[in-house]
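What follows is the content of data20.txt, which has compact mmCIF, C-alpha atoms:
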```
# COMPACT_ATOMS: atom_id res chain seq x y z
CA MET A 1 -9.63 -233.98 -68.82
CA PRO A 2 -8.00 -236.88 -70.69
CA LYS A 3 -5.35 -239.11 -69.21
CA ILE A 4 -1.79 -237.88 -69.25
CA ASN A 5 0.15 -239.27 -72.21
CA ILE A 6 2.29 -242.06 -70.75
CA VAL A 7 4.56 -242.97 -73.65
CA PHE A 8 5.52 -246.37 -72.21
CA ARG A 9 1.90 -247.53 -72.56
CA LYS A 10 1.98 -247.00 -76.31
CA ASN A 11 5.42 -248.06 -77.47
CA PHE A 12 8.00 -249.33 -75.02
CA ASP A 13 10.80 -248.91 -77.58
CA SER A 14 9.86 -245.54 -79.07
CA TYR A 15 12.34 -242.67 -79.28
CA LEU A 16 10.20 -240.81 -76.70
CA SER A 17 10.48 -243.72 -74.28
CA GLU A 18 14.22 -243.71 -74.76
CA SER A 19 14.31 -239.96 -74.11
CA PHE A 20 12.81 -240.51 -70.69
CA ARG A 21 15.29 -243.31 -69.98
CA VAL A 22 18.07 -240.83 -70.78
CA LEU A 23 16.48 -238.31 -68.40
CA ARG A 24 16.24 -241.02 -65.74
CA SER A 25 19.93 -241.88 -66.14
CA ASN A 26 21.07 -238.26 -66.11
CA ILE A 27 19.19 -237.49 -62.90
CA PHE A 28 20.44 -240.70 -61.29
CA PHE A 29 24.07 -239.80 -61.95
CA LEU A 30 23.62 -236.26 -60.65
CA GLU A 31 23.06 -237.59 -57.15
CA LYS A 32 23.19 -241.27 -56.34
CA LYS A 33 21.04 -241.10 -53.23
CA ARG A 34 18.08 -243.00 -51.89
CA ASN A 35 14.62 -241.55 -51.29
CA LYS A 36 15.15 -238.75 -53.80
CA MET A 37 12.58 -235.92 -54.01
CA ILE A 38 12.37 -233.82 -57.18
CA VAL A 39 10.27 -230.75 -58.01
CA PHE A 40 9.07 -230.35 -61.61
CA THR A 41 8.06 -226.86 -62.67
CA SER A 42 7.87 -224.61 -65.74
CA THR A 43 7.55 -220.94 -66.62
CA ILE A 44 4.00 -220.82 -68.00
CA PRO A 45 1.09 -223.29 -68.35
CA ASP A 46 0.98 -225.90 -71.13
CA GLU A 47 4.72 -226.43 -71.54
CA GLY A 48 4.22 -230.13 -70.84
CA LYS A 49 5.56 -230.16 -67.28
CA THR A 50 2.99 -232.65 -66.03
CA THR A 51 3.54 -235.05 -68.93
CA VAL A 52 7.32 -234.91 -68.43
CA SER A 53 7.11 -235.45 -64.68
CA LYS A 54 4.71 -238.40 -64.95
CA ASN A 55 6.72 -240.13 -67.67
CA TYR A 56 9.93 -239.66 -65.73
CA ALA A 57 8.23 -241.18 -62.68
CA MET A 58 7.00 -244.07 -64.82
CA SER A 59 10.50 -244.70 -66.18
CA VAL A 60 11.86 -245.02 -62.63
CA ALA A 61 8.97 -247.28 -61.58
CA LEU A 62 9.74 -249.55 -64.53
CA ALA A 63 13.27 -249.89 -63.14
CA GLY A 64 11.78 -251.50 -60.03
CA LYS A 65 11.83 -248.50 -57.71
CA LYS A 66 8.89 -247.50 -55.53
CA VAL A 67 7.66 -244.13 -56.80
CA ILE A 68 4.94 -241.64 -55.90
CA VAL A 69 3.77 -238.62 -57.89
CA VAL A 70 2.37 -235.77 -55.78
CA ASN A 71 0.09 -233.30 -57.51
CA CYS A 72 0.92 -229.96 -55.88
CA ASP A 73 -1.08 -227.86 -58.33
CA LEU A 74 -4.16 -227.01 -56.25
CA ARG A 75 -5.09 -224.01 -58.38
CA ARG A 76 -6.39 -225.87 -61.42
CA ASN A 77 -10.04 -226.86 -61.34
CA LYS A 78 -9.88 -230.34 -62.84
CA ILE A 79 -12.71 -232.84 -63.31
CA CYS A 80 -10.20 -235.67 -63.55
CA ASN A 81 -6.82 -235.52 -61.91
CA ASN A 82 -3.57 -236.16 -63.82
CA PHE A 83 -3.76 -239.88 -64.55
CA GLY A 84 -7.42 -239.58 -65.54
CA LEU A 85 -8.56 -240.55 -62.04
CA LYS A 86 -11.61 -239.00 -60.41
CA VAL A 87 -10.82 -237.98 -56.85
CA SER A 88 -12.82 -236.60 -53.94
CA CYS A 89 -9.90 -235.30 -51.89
CA GLY A 90 -6.13 -235.25 -51.86
CA ILE A 91 -3.06 -233.57 -50.41
CA GLU A 92 -5.06 -230.53 -49.30
CA CYS A 93 -7.10 -232.73 -46.94
CA VAL A 94 -3.92 -234.06 -45.34
CA LEU A 95 -2.49 -230.56 -44.90
CA LEU A 96 -5.77 -229.43 -43.31
CA ASP A 97 -5.81 -232.48 -40.98
CA LYS A 98 -9.02 -233.84 -42.53
CA LYS A 99 -7.47 -237.09 -43.85
CA THR A 100 -4.37 -239.20 -43.35
CA LEU A 101 -1.89 -239.92 -46.12
CA ASP A 102 -2.96 -243.54 -46.34
CA GLN A 103 -6.55 -242.45 -46.89
CA VAL A 104 -5.79 -240.29 -49.94
CA ILE A 105 -2.86 -242.01 -51.69
CA ILE A 106 -4.03 -243.95 -54.74
CA LYS A 107 -2.05 -247.18 -54.89
CA ASP A 108 -0.67 -248.84 -58.01
CA VAL A 109 -1.87 -246.53 -60.79
CA GLU A 110 0.90 -248.40 -62.57
CA LYS A 111 3.23 -251.09 -61.25
CA ASN A 112 5.43 -249.59 -58.49
CA LEU A 113 3.77 -246.20 -59.03
CA ASP A 114 1.43 -244.52 -56.53
CA PHE A 115 -0.29 -241.16 -56.80
CA LEU A 116 -1.18 -238.45 -54.29
CA PRO A 117 -3.87 -236.30 -55.95
CA SER A 118 -5.24 -232.89 -55.08
CA LYS A 119 -8.51 -231.03 -55.35
CA HIS A 120 -8.99 -227.46 -56.48
CA LEU A 121 -8.80 -224.74 -53.80
CA ASN A 122 -9.70 -221.10 -54.34
CA ARG A 123 -7.38 -219.40 -51.86
CA ASP A 124 -4.60 -219.64 -49.26
CA ILE A 125 -2.75 -222.30 -51.27
CA THR A 126 0.73 -220.82 -50.94
CA GLU A 127 0.15 -220.41 -47.21
CA LEU A 128 -0.84 -224.07 -47.03
CA PHE A 129 2.56 -225.08 -48.40
CA MET A 130 4.28 -222.88 -45.83
CA LEU A 131 2.82 -224.78 -42.87
CA GLU A 132 4.96 -227.19 -40.85
CA LYS A 133 2.53 -229.91 -41.90
CA ILE A 134 3.98 -230.05 -45.45
CA LYS A 135 7.40 -230.94 -44.06
CA GLU A 136 5.88 -233.72 -41.95
CA LEU A 137 4.01 -235.05 -44.99
CA LEU A 138 7.09 -235.06 -47.23
CA ASP A 139 9.24 -236.62 -44.50
CA GLU A 140 6.70 -239.43 -44.22
CA LEU A 141 6.80 -240.01 -47.99
CA ARG A 142 10.60 -240.22 -47.92
CA LYS A 143 10.35 -243.15 -45.53
CA LYS A 144 8.09 -245.07 -47.93
CA TYR A 145 9.33 -244.30 -51.46
CA ASP A 146 12.56 -244.41 -53.46
CA LEU A 147 11.43 -241.40 -55.51
CA ILE A 148 8.95 -238.61 -54.79
CA VAL A 149 7.98 -236.44 -57.78
CA LEU A 150 6.36 -233.10 -56.93
CA ASP A 151 4.38 -231.69 -59.85
CA THR A 152 4.04 -227.96 -59.11
CA PRO A 153 2.39 -224.95 -60.78
CA PRO A 154 4.31 -222.80 -63.30
CA LEU A 155 6.48 -220.10 -61.76
CA THR A 156 4.52 -217.28 -63.40
CA ILE A 157 1.36 -218.56 -61.68
CA ALA A 158 2.67 -219.14 -58.16
CA THR A 159 5.81 -219.45 -56.05
CA ASP A 160 4.84 -222.94 -54.81
CA ALA A 161 7.71 -224.61 -56.68
CA ALA A 162 10.23 -222.30 -55.00
CA ILE A 163 8.71 -222.97 -51.58
CA LEU A 164 8.67 -226.75 -52.05
CA SER A 165 12.22 -226.75 -53.42
CA GLU A 166 13.39 -226.18 -49.82
CA TYR A 167 12.42 -229.77 -49.03
CA ALA A 168 13.44 -231.33 -52.34
CA ASP A 169 16.81 -232.61 -53.51
CA GLY A 170 16.55 -230.91 -56.88
CA VAL A 171 14.39 -229.09 -59.43
CA ILE A 172 13.76 -229.95 -63.07
CA TYR A 173 12.76 -226.91 -65.11
CA VAL A 174 10.59 -227.85 -68.13
CA CYS A 175 10.62 -225.40 -71.05
CA GLY A 176 8.33 -225.66 -74.04
CA TYR A 177 10.24 -225.13 -77.28
CA ASN A 178 9.62 -221.62 -78.67
CA MET A 179 6.96 -220.96 -75.99
CA VAL A 180 8.75 -218.64 -73.57
CA THR A 181 11.25 -215.82 -73.83
CA LYS A 182 14.73 -215.77 -72.37
CA GLU A 183 13.62 -213.00 -69.98
CA GLN A 184 10.71 -215.12 -68.68
CA ILE A 185 12.99 -218.10 -68.05
CA LEU A 186 15.54 -215.92 -66.26
CA ARG A 187 12.80 -214.52 -64.01
CA GLY A 188 11.71 -218.06 -63.16
CA LYS A 189 15.30 -219.10 -62.49
CA LYS A 190 15.74 -216.06 -60.25
CA LEU A 191 12.81 -217.18 -58.10
CA LEU A 192 14.36 -220.61 -57.66
CA THR A 193 17.81 -219.17 -56.99
CA ARG A 194 16.43 -216.90 -54.28
CA ALA A 195 14.92 -219.99 -52.65
CA LYS A 196 18.37 -221.64 -52.85
CA ALA A 197 16.91 -224.41 -54.99
CA ASN A 198 19.23 -227.04 -56.40
CA ILE A 199 18.39 -226.82 -60.12
CA TYR A 200 19.26 -230.16 -61.66
CA GLY A 201 18.72 -228.89 -65.19
CA VAL A 202 16.30 -227.98 -67.96
CA VAL A 203 14.18 -230.28 -70.13
CA ILE A 204 13.31 -228.81 -73.52
CA ASN A 205 9.88 -230.10 -74.46
CA LYS A 206 7.60 -229.89 -77.52
CA ILE A 207 10.43 -229.57 -80.01
CA ASP A 208 9.36 -229.36 -83.66
CA GLU A 209 10.46 -232.84 -84.77
CA LYS A 210 10.37 -232.06 -88.50
CA ALA A 211 12.61 -229.02 -88.13
CA TYR A 212 14.94 -230.93 -85.83
CA ASN A 213 15.28 -233.85 -88.22
CA SER A 214 15.68 -231.81 -91.40
CA ASN A 215 18.33 -229.54 -89.88
CA TYR A 216 20.49 -232.27 -88.39
CA GLY A 217 19.93 -235.18 -90.71
CA TYR A 218 18.50 -237.64 -88.20
CA GLU A 219 15.60 -238.81 -90.38
CA LYS A 220 16.94 -242.35 -90.53
CA TYR A 221 16.78 -242.77 -86.76
CA HIS A 222 13.66 -240.71 -86.11
CA ASN A 223 11.99 -243.91 -84.92
CA TYR A 224 13.99 -245.57 -82.15
CA SER A 225 12.96 -249.02 -83.37
CA ASN A 226 14.74 -248.30 -86.67
CA TYR A 227 17.94 -247.73 -84.76
CA ILE A 228 17.83 -250.85 -82.57
CA ASN A 229 16.91 -253.04 -85.55
CA ASN A 230 19.84 -251.89 -87.74
```

Let me see the file written as structure tokens.
Amino acid sequence: MPKINIVFRKNFDSYLSESFRVLRSNIFFLEKKRNKMIVFTSTIPDEGKTTVSKNYAMSVALAGKKVIVVNCDLRRNKICNNFGLKVSCGIECVLLDKKTLDQVIIKDVEKNLDFLPSKHLNRDITELFMLEKIKELLDELRKKYDLIVLDTPPLTIATDAAILSEYADGVIYVCGYNMVTKEQILRGKKLLTRAKANIYGVVINKIDEKAYNSNYGYEKYHNYSNYINN
């Protein structure tokens, strides 16, 4: 599995980088609180939820905050985990009392950004997130980090995002442009609502840039550097 696309590595002043700065600002103004914990989820696989959550985390780390990304998707059998890192164990080992947090957290994958990976499990994953141990783990992370990003499975795959939303301050729902139906999104929203999740908002991802530009006449400023240089 290749590394997640971190847009700040490629072009610090790209329009994509600026999009994540806007997301960072919007979430900040929703709730100005310390030690914020946010769940990122989607409706179906491949909507770009992981890429959005990691870039948002990176944007906050660049602002000087201490951030950790927690991979809560234990169902995917990955050779490399999220940031392109090979791991032998992760959050599942902590929840099963086989390792401590300090033993599995990967420090400084980027400046101010740590990572708590996971390994693939075949069963009893939802039950694992319902144990008291997950609350203890997340409480410990709150004491150490300004922002905790929980990257969870899509809502059509599992209810993990709804379960973890109980401990989080808010949920960001990532929707791939033209990938899901209104009915699918409403079913996902219903799951979160039943869990009394605080839905911060929706991020529309994978928009057709050519259609967007031609319809609204933004060709001139398609590249953010063109805008800041004018």

Quiz item: So, counting all atoms listed in the file, which residue among A:Ile44, A:Val22, A:Leu131, A:Val87 is closest to Met179 of chain A?
Solution: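 When distances to Met179 of chain A are compared using all atoms listed in the file, the smallest one comes from A:Ile44.
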
Quiz item: Can you tell me how far atom CA of Tyr167 of chain A sits from atom CA of Leu23 of chain A, in Å to one decimal?
Solution: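 So the answer is 21.6 Å.
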
Quiz prompt | Option closest in space to Asn178 of chain A, from A:Glu47, A:Glu127, A:Asp160, A:Asp97 [counting all atoms listed in the file] | solution = A:Glu47

Self-check item: Residue nearest Asn205 of chain A - candidates A:Val109, A:Leu30, A:Ala63, A:Val52, atoms counted: all atoms listed in the file
Solution: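 Using all atoms listed in the file, the shortest distance to Asn205 of chain A belongs to A:Val52.
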
Exercise. Grab the atom CA of Ser25 of chain A to atom CA of Ser42 of chain A distance for me, in Å with one decimal place.
Key: 21.1 Å

Self-check item: From A:Asp124, A:Lys133, A:Cys175, A:Lys66, residue lying nearest Thr100 of chain A [only C-alpha atoms]
Solution: A:Lys133

Self-check item: Shortest interatomic distance to Leu121 of chain A - which of A:Ile185, A:Cys72, A:Ile134, A:Leu101, counting all atoms listed in the file
Solution: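 Of all the options, A:Cys72 lies closest to Leu121 of chain A.
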
Quiz item: Out of A:Thr156, A:Lys206, A:Lys99, A:Leu164, which residue has the shortest atom-to-atom distance to Glu132 of chain A when counting only C-alpha atoms?
Solution: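 The answer is A:Leu164, which sits nearest to Glu132 of chain A.
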
Taking 6 positions as the minimum chain separation for residues in the same chain, which residues sit within 9 Å of Arg75 of chain A when counting all atoms listed in the file? Answer as a PDB file with C-alpha atoms, in the coordinates of the input.
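Listing of selection_33.pdb after writing:
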```
ATOM      1  CA  LYS A 119      -8.510-231.030 -55.350  1.00  0.00           C
ATOM      2  CA  HIS A 120      -8.990-227.460 -56.480  1.00  0.00           C
ATOM      3  CA  LEU A 121      -8.800-224.740 -53.800  1.00  0.00           C
ATOM      4  CA  ASN A 122      -9.700-221.100 -54.340  1.00  0.00           C
ATOM      5  CA  ARG A 123      -7.380-219.400 -51.860  1.00  0.00           C
ATOM      6  CA  ILE A 125      -2.750-222.300 -51.270  1.00  0.00           C
ATOM      7  CA  PRO A 153       2.390-224.950 -60.780  1.00  0.00           C
TER       8      PRO A 153
END
```

Self-check item: Spatial neighbours of Val104 of chain A, max dist 9 Å, all atoms listed in the file, sep filter under 5 positions, as a PyMOL selection string
Solution: chain A and resi 87-91+93-94+99+115-117

Quiz item: For the atom pair atom CA of Val174 of chain A and atom CA of Thr43 of chain A, what is the interatomic distance in Å to one decimal place?
Solution: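 Atom CA of Val174 of chain A sits 7.7 Å away from atom CA of Thr43 of chain A.
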
Quiz item: Can you tell me, as a list in words, which residues sit within 8 Å of (14.5, -228.3, -58.6) in the file's frame, using only C-alpha atoms?
Solution: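 Output: Ile38, Val39, Phe40, Thr41, Ala161, Ser165, Ala168, Asp169, Gly170, Val171, Ile172, Tyr173, Leu192, Ala197, Asn198, Ile199, Tyr200 and Gly201 of chain A.
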
Self-check item: Neighbour residues at most 12 Å from (7.2, -241.9, -45.5) (only C-alpha atoms) as an MDAnalysis selection string
Solution: chainID A and resid 35:37 66:68 101:102 105 135:148
